[in-house]
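Shown below: query.cif, with mmCIF, C-alpha atoms.
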data_upload
loop_
_atom_site.label_atom_id
_atom_site.label_comp_id
_atom_site.auth_asym_id
_atom_site.auth_seq_id
_atom_site.Cartn_x
_atom_site.Cartn_y
_atom_site.Cartn_z
CA MET A 5 -27.85 -2.64 2.45
CA TYR A 6 -26.67 -2.22 6.03
CA GLU A 7 -28.52 0.08 8.44
CA GLN A 8 -27.09 3.57 8.98
CA ILE A 9 -26.44 4.69 12.55
CA LYS A 10 -25.64 8.05 14.14
CA ILE A 11 -22.75 8.35 16.59
CA GLU A 12 -21.91 11.34 18.78
CA ALA A 13 -18.61 11.70 20.65
CA PRO A 14 -16.30 14.45 21.96
CA THR A 15 -13.83 13.93 19.08
CA LEU A 16 -13.86 12.39 15.62
CA ASP A 17 -11.30 9.78 16.71
CA GLU A 18 -13.58 8.71 19.53
CA ALA A 19 -16.56 8.62 17.15
CA TYR A 20 -14.63 6.39 14.75
CA ARG A 21 -13.58 4.13 17.64
CA ARG A 22 -17.20 3.75 18.76
CA ALA A 23 -18.24 3.05 15.17
CA ARG A 24 -15.70 0.22 14.96
CA GLU A 25 -17.02 -1.24 18.22
CA GLU A 26 -20.70 -0.96 17.29
CA LEU A 27 -20.37 -2.26 13.73
CA GLY A 28 -17.61 -4.75 14.46
CA CYS A 29 -15.55 -3.90 11.38
CA PRO A 30 -12.57 -1.72 10.42
CA ILE A 31 -12.92 1.84 9.10
CA ASP A 32 -12.22 0.79 5.50
CA GLU A 33 -15.42 -1.30 5.58
CA MET A 34 -17.59 1.69 6.52
CA GLU A 35 -19.33 4.50 4.70
CA ILE A 36 -18.91 7.59 6.92
CA LYS A 37 -20.52 11.02 6.67
CA VAL A 38 -19.45 13.73 9.12
CA LEU A 39 -22.55 15.70 10.13
CA GLN A 40 -20.78 17.94 12.64
CA HIS A 41 -17.14 18.59 13.39
CA PRO A 42 -16.21 19.01 17.06
CA SER A 43 -15.52 22.45 18.49
CA LYS A 44 -14.23 23.48 21.94
CA GLY A 45 -16.06 26.81 21.80
CA ILE A 46 -14.95 29.76 23.95
CA LEU A 47 -14.67 29.07 27.69
CA GLY A 48 -16.90 26.09 27.14
CA ILE A 49 -19.64 28.14 25.49
CA GLY A 50 -20.60 26.89 22.05
CA ARG A 51 -18.87 23.55 22.52
CA LYS A 52 -19.89 20.98 19.90
CA SER A 53 -19.47 17.23 19.75
CA ALA A 54 -18.46 15.24 16.69
CA ILE A 55 -21.47 13.65 14.99
CA ILE A 56 -21.15 11.08 12.22
CA LEU A 57 -23.51 8.91 10.20
CA VAL A 58 -21.95 5.52 9.57
CA ARG A 59 -22.97 2.38 7.75
CA ARG A 60 -21.14 -0.83 7.08
CA ILE A 61 -20.60 -1.42 3.38
CA LYS A 62 -20.77 -4.88 1.92
CA GLN A 63 -17.42 -5.83 0.44
CA GLU A 64 -16.57 -8.45 -2.09
CA PRO A 65 -14.59 -11.31 -0.58
CA PRO A 66 -10.87 -10.45 -0.88
CA ALA A 67 -10.16 -13.30 -3.28
CA GLN A 68 -12.86 -12.09 -5.69
CA ILE A 69 -11.39 -8.57 -5.84
CA ILE A 70 -7.90 -9.85 -6.65
CA GLU A 71 -9.19 -12.49 -9.09
CA GLU A 72 -11.21 -9.87 -10.96
CA VAL A 73 -8.20 -7.55 -11.30
CA GLU A 74 -6.04 -10.47 -12.43
CA ARG A 75 -8.63 -11.54 -15.03
CA LYS A 76 -8.84 -8.01 -16.45
CA ILE A 77 -5.04 -7.77 -16.64
CA GLU A 78 -4.97 -11.01 -18.65
CA GLU A 79 -7.62 -9.60 -21.00
CA VAL A 80 -5.78 -6.35 -21.72
CA THR A 81 -2.35 -8.02 -22.00
CA PRO A 82 -2.36 -11.07 -24.26
CA LYS A 83 0.69 -13.30 -23.76
CA SER A 84 1.90 -12.68 -27.33
CA GLU A 85 1.98 -8.95 -26.62
CA ILE A 86 4.54 -9.44 -23.85
CA PHE A 87 6.98 -11.12 -26.22
CA ASP A 88 6.27 -8.65 -29.05
CA ASN A 89 7.41 -5.79 -26.82
CA PHE A 90 10.94 -7.19 -26.62
CA TYR A 91 11.34 -6.25 -30.28
CA GLN A 92 9.91 -2.77 -29.98
CA GLU A 93 12.16 0.24 -29.86
CA LYS A 94 12.87 1.15 -26.24
CA LEU A 95 10.42 3.80 -25.07
CA ASP A 96 11.21 6.86 -22.98
CA LEU A 97 10.14 6.46 -19.34
CA GLU A 98 7.73 9.40 -19.67
CA GLU A 99 6.05 7.66 -22.60
CA ILE A 100 5.95 4.37 -20.71
CA ALA A 101 4.29 6.11 -17.74
CA LYS A 102 1.63 7.62 -20.04
CA GLN A 103 0.90 4.24 -21.62
CA ILE A 104 0.64 2.51 -18.23
CA GLN A 105 -1.70 5.21 -16.92
CA GLN A 106 -3.98 4.81 -19.93
CA GLU A 107 -3.99 1.02 -19.55
CA LEU A 108 -4.75 1.21 -15.83
CA GLU A 109 -7.56 3.72 -16.36
CA GLU A 110 -9.11 1.41 -18.97
CA LEU A 111 -8.65 -1.57 -16.65
CA PHE A 112 -10.27 0.00 -13.58
CA GLN A 113 -13.12 1.59 -15.57
CA GLU A 114 -14.45 -1.94 -16.00
CA LEU A 115 -14.11 -2.72 -12.29
CA CYS A 116 -16.55 -1.47 -9.66
CA PHE A 117 -14.18 0.82 -7.76
CA ASP A 118 -14.82 4.49 -7.01
CA LEU A 119 -11.34 5.90 -7.69
CA SER A 120 -10.93 9.66 -8.08
CA ARG A 121 -7.40 9.48 -9.48
CA ILE A 122 -4.97 7.06 -11.08
CA GLU A 123 -1.62 8.67 -11.85
CA VAL A 124 1.58 7.15 -13.22
CA ARG A 125 4.86 9.07 -13.50
CA PRO A 126 8.61 8.37 -13.48
CA TYR A 127 10.04 7.88 -9.98
CA ASP A 128 13.69 7.24 -10.86
CA LYS A 129 15.60 6.03 -13.94
CA GLN A 130 14.16 2.51 -13.75
CA THR A 131 10.95 2.94 -11.77
CA VAL A 132 7.48 4.38 -12.29
CA LEU A 133 5.27 5.54 -9.42
CA ILE A 134 1.66 4.32 -9.63
CA GLU A 135 -0.81 6.17 -7.39
CA PHE A 136 -4.44 5.31 -6.61
CA GLU A 137 -6.70 7.73 -4.71
CA GLY A 138 -10.44 7.74 -4.06
CA PRO A 139 -13.26 6.53 -1.79
CA ASP A 140 -12.63 2.86 -2.64
CA ALA A 141 -8.83 3.01 -2.52
CA ALA A 142 -8.81 1.31 0.89
CA LEU A 143 -10.47 -1.73 -0.68
CA LEU A 144 -7.29 -2.21 -2.72
CA ILE A 145 -5.20 -2.26 0.46
CA GLY A 146 -7.12 -4.72 2.63
CA LYS A 147 -6.52 -5.66 6.24
CA GLU A 148 -2.79 -5.47 7.08
CA GLY A 149 -2.08 -4.72 3.42
CA TYR A 150 -2.70 -8.21 2.03
CA ARG A 151 -4.56 -6.94 -1.07
CA TYR A 152 -1.89 -4.29 -1.59
CA LYS A 153 0.76 -7.03 -1.72
CA ALA A 154 -1.25 -9.12 -4.18
CA LEU A 155 -2.01 -6.16 -6.45
CA SER A 156 1.63 -5.00 -6.36
CA TYR A 157 2.78 -8.50 -7.31
CA MET A 158 0.33 -8.74 -10.22
CA LEU A 159 1.16 -5.28 -11.57
CA PHE A 160 4.88 -6.02 -11.42
CA ASN A 161 4.43 -9.33 -13.28
CA TRP A 162 2.38 -7.52 -15.90
CA LEU A 163 4.48 -4.38 -16.38
CA ASN A 164 8.04 -5.56 -15.77
CA PRO A 165 8.16 -8.11 -18.62
CA LYS A 166 6.31 -5.70 -20.90
CA TYR A 167 8.35 -2.54 -20.27
CA GLY A 168 11.43 -3.73 -18.35
CA ILE A 169 10.74 -1.39 -15.41
CA GLN A 170 10.29 -1.50 -11.65
CA ILE A 171 7.12 -0.18 -10.02
CA ARG A 172 6.39 1.73 -6.83
CA LEU A 173 2.73 1.33 -5.87
CA GLU A 174 1.11 3.97 -3.66
CA ILE A 175 -2.53 3.57 -2.59
CA ALA A 176 -4.03 6.29 -0.38
CA GLN A 177 -0.62 7.02 1.20
CA PHE A 178 -0.33 3.39 2.39
CA LEU A 179 3.26 2.92 1.19
CA LYS A 180 4.37 6.26 2.64
CA SER A 181 2.94 5.39 6.05
CA GLN A 182 4.60 1.95 5.94
CA GLU A 183 7.96 3.53 5.09
CA GLU A 184 7.66 6.04 7.93
CA ALA A 185 6.75 3.30 10.42
CA MET A 186 9.65 1.12 9.26
CA ARG A 187 12.15 3.99 9.53
CA HIS A 188 10.95 4.62 13.08
CA TYR A 189 11.43 0.92 13.91
CA LEU A 190 14.87 0.71 12.23
CA ARG A 191 16.37 3.85 13.80
CA PRO A 192 17.41 2.28 17.16
CA LEU A 193 18.33 -0.99 15.41
CA ILE A 194 20.74 0.84 13.09
CA GLU A 195 22.39 2.55 16.05
CA ARG A 196 22.78 -0.80 17.82
CA ILE A 197 24.30 -2.40 14.72
CA LYS A 198 26.79 0.47 14.44
CA LYS A 199 27.95 -0.28 17.99
CA GLU A 200 27.86 -4.08 17.88
CA GLY A 201 28.71 -4.66 14.21
CA ARG A 202 25.78 -6.95 13.55
CA GLY A 203 22.05 -7.37 14.18
CA GLN A 204 18.74 -8.58 12.84
CA THR A 205 15.16 -7.38 12.48
CA LYS A 206 11.99 -8.93 13.83
CA PRO A 207 10.04 -11.11 11.35
CA LEU A 208 8.74 -8.92 8.53
CA ASP A 209 6.25 -9.50 5.74
CA GLY A 210 5.58 -8.36 2.20
CA VAL A 211 6.30 -4.72 1.48
CA LEU A 212 7.87 -4.17 4.92
CA ILE A 213 10.79 -6.49 4.24
CA GLN A 214 11.50 -4.70 0.94
CA ILE A 215 11.44 -1.31 2.67
CA ALA A 216 13.72 -2.56 5.45
CA LEU A 217 16.19 -4.10 2.97
CA LYS A 218 16.48 -0.83 1.10
CA GLU A 219 16.98 1.22 4.29
CA LEU A 220 19.52 -1.16 5.84
CA ARG A 221 21.55 -1.56 2.64
CA ALA A 222 21.74 2.22 2.37
CA ALA A 223 22.83 2.47 6.03
CA PHE A 224 25.41 -0.33 5.77
CA PRO A 225 26.83 -0.45 2.21
CA ASP A 226 29.97 -2.31 3.43
CA LYS A 227 28.11 -5.04 5.32
CA TYR A 228 26.15 -8.10 4.31
CA VAL A 229 22.42 -7.36 4.43
CA GLY A 230 20.15 -10.26 3.49
CA THR A 231 17.04 -12.21 4.39
CA LYS A 232 16.68 -15.46 6.31
CA GLU A 233 13.78 -17.63 7.47
CA ASN A 234 13.06 -18.94 10.94
CA LYS A 235 11.52 -22.33 11.76
CA LYS A 236 8.02 -20.89 11.32
CA GLY A 237 8.82 -19.79 7.75
CA GLU A 238 8.86 -16.11 8.75
CA ARG A 239 11.39 -13.88 6.98
CA TYR A 240 13.72 -11.48 8.74
CA ILE A 241 16.80 -9.45 7.81
CA VAL A 242 20.32 -10.01 9.14
CA VAL A 243 23.18 -7.52 9.03
CA ASN A 244 26.77 -8.65 9.64
CA GLU A 245 30.27 -8.54 8.22
CA PHE A 246 31.09 -10.21 4.91
CA ARG A 247 32.91 -13.48 5.50
CA ASN A 248 36.37 -13.85 3.95
CA ARG A 249 36.80 -17.07 2.04
#
As structure tokens, the full file:
Amino acid sequence: MYEQIKIEAPTLDEAYRRAREELGCPIDEMEIKVLQHPSKGILGIGRKSAIILVRRIKQEPPAQIIEEVERKIEEVTPKSEIFDNFYQEKLDLEEIAKQIQQELEELFQELCFDLSRIEVRPYDKQTVLIEFEGPDAALLIGKEGYRYKALSYMLFNWLNPKYGIQIRLEIAQFLKSQEEAMRHYLRPLIERIKKEGRGQTKPLDGVLIQIALKELRAAFPDKYVGTKENKKGERYIVVNEFRNR
């Protein structure tokens, strides 16, 4: 168990920054308890600093987390079951969401994650929204979202063949924040494409390229919007006119 330290700073953001520097790890690898919230007081009287107790938590190596989830998915979904479902009567999306939620709750009960909520509900006619919340939710995201990508990929390959649906995975508002950041990045690019007729994004990865594709195709339904790779193997999106053959 790592040693717990106390940090005092004018604001919580500054306290978190100092914690990152002292412990040498990101916030999602810390256990944090706020002992005192900061207060400006009145005319400087009664001013209080932010005080936190923080301790680094020992994480499983990323590969072990993903491998454990993958192993449990294989246990709860035998291969024969996937093919059997093609012959079942098509279920209502509400019913499918309920079944997926029950399966995910059973799956994560056997894994050592402190999750306060797993919720599955219809998102559109072909998609279910899967939400994870709780103290350990950040462990399912990982640095720069690499665990999020792996988990999303595994869940899709489990649930799409079984139920014929798309999934939208939200973990501790990670997807929402990624969408907001991508919209902010795309806004000036879209305006430039409208003026010049064509354009391309910077190299994008994982969930970001999917978000950008959706946004750009909605903005330019009459243009070609697709992905390409540069010499480094990085993917980016190009927008231009359809070529007449």
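For the set A:Glu137, A:Asp128, A:Glu195, A:Glu123, the residue with the smallest atom-to-atom gap to A:Gln106 is A:Glu123, counting all atoms listed in the file.
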With the file shown as input, list the residues that the PyMOL selection byres ((chain A and resi 96-98) around 9) selects, as a list in words.
-> Lys94, Leu95, Glu99, Ile100, Ala101, Lys102, Gln103, Arg125, Pro126, Lys129, Gln130, Thr131, Val132 and Ile169 of chain A
Chain and number of each residue from the PyMOL selection byres ((chain A and resi 201-214) around 8), as a count of residues only | 22
Determine, counting all atoms listed in the file, every residue of protein, DNA or RNA that lies within 10 Å of (-13.8, 4.5, -5.9) in the file coordinates, then give the result as a PyMOL selection string.
-> chain A and resi 112+115-121+136-144
With C-alpha atoms retained, could you export that selection as a CSV table (one decimal), in the frame of the given file?
chain,number,residue,atom,x,y,z
A,112,PHE,CA,-10.3,0.0,-13.6
A,115,LEU,CA,-14.1,-2.7,-12.3
A,116,CYS,CA,-16.6,-1.5,-9.7
A,117,PHE,CA,-14.2,0.8,-7.8
A,118,ASP,CA,-14.8,4.5,-7.0
A,119,LEU,CA,-11.3,5.9,-7.7
A,120,SER,CA,-10.9,9.7,-8.1
A,121,ARG,CA,-7.4,9.5,-9.5
A,136,PHE,CA,-4.4,5.3,-6.6
A,137,GLU,CA,-6.7,7.7,-4.7
A,138,GLY,CA,-10.4,7.7,-4.1
A,139,PRO,CA,-13.3,6.5,-1.8
A,140,ASP,CA,-12.6,2.9,-2.6
A,141,ALA,CA,-8.8,3.0,-2.5
A,142,ALA,CA,-8.8,1.3,0.9
A,143,LEU,CA,-10.5,-1.7,-0.7
A,144,LEU,CA,-7.3,-2.2,-2.7
Atom CA of A:Val38 and atom CA of A:Glu135, how far apart in Å?
-> 26.0 Å
Residue neighbourhood A:Ala23, 12 Å, all atoms listed in the file, exclusion window fewer than 2 positions, as a ChimeraX atom specification = /A:8-13,16-21,25-37,55-60
Smallest atom-to-atom distance to A:Ser53: which of A:Pro14, A:Val73, A:Phe224, A:Arg22, using all atoms listed in the file?
-> A:Pro14
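Going from atom CA of A:Tyr189 over to atom CA of A:Phe246, you cover 24.3 Å.
Here atom CA of A:Arg172 is placed at a distance of 16.4 Å from atom CA of A:Glu107.
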A:Gly146 proximity check over A:Gln40, A:Glu233, A:Arg51, A:Ile175, using all atoms listed in the file: winner is A:Ile175
Can you pull out every residue within 6 Å of A:Pro42, counting all atoms listed in the file, but drop anything in the same chain fewer than 5 positions away, and send it as an mmCIF file with C-alpha atoms, in the coordinates of the input?
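Saved result, part-v1.cif, follows:
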data_model
loop_
_atom_site.group_PDB
_atom_site.id
_atom_site.type_symbol
_atom_site.label_atom_id
_atom_site.label_comp_id
_atom_site.auth_asym_id
_atom_site.auth_seq_id
_atom_site.Cartn_x
_atom_site.Cartn_y
_atom_site.Cartn_z
ATOM 1 C CA THR A 15 -13.830 13.930 19.080
ATOM 2 C CA LYS A 52 -19.890 20.980 19.900
ATOM 3 C CA SER A 53 -19.470 17.230 19.750
ATOM 4 C CA ALA A 54 -18.460 15.240 16.690
#
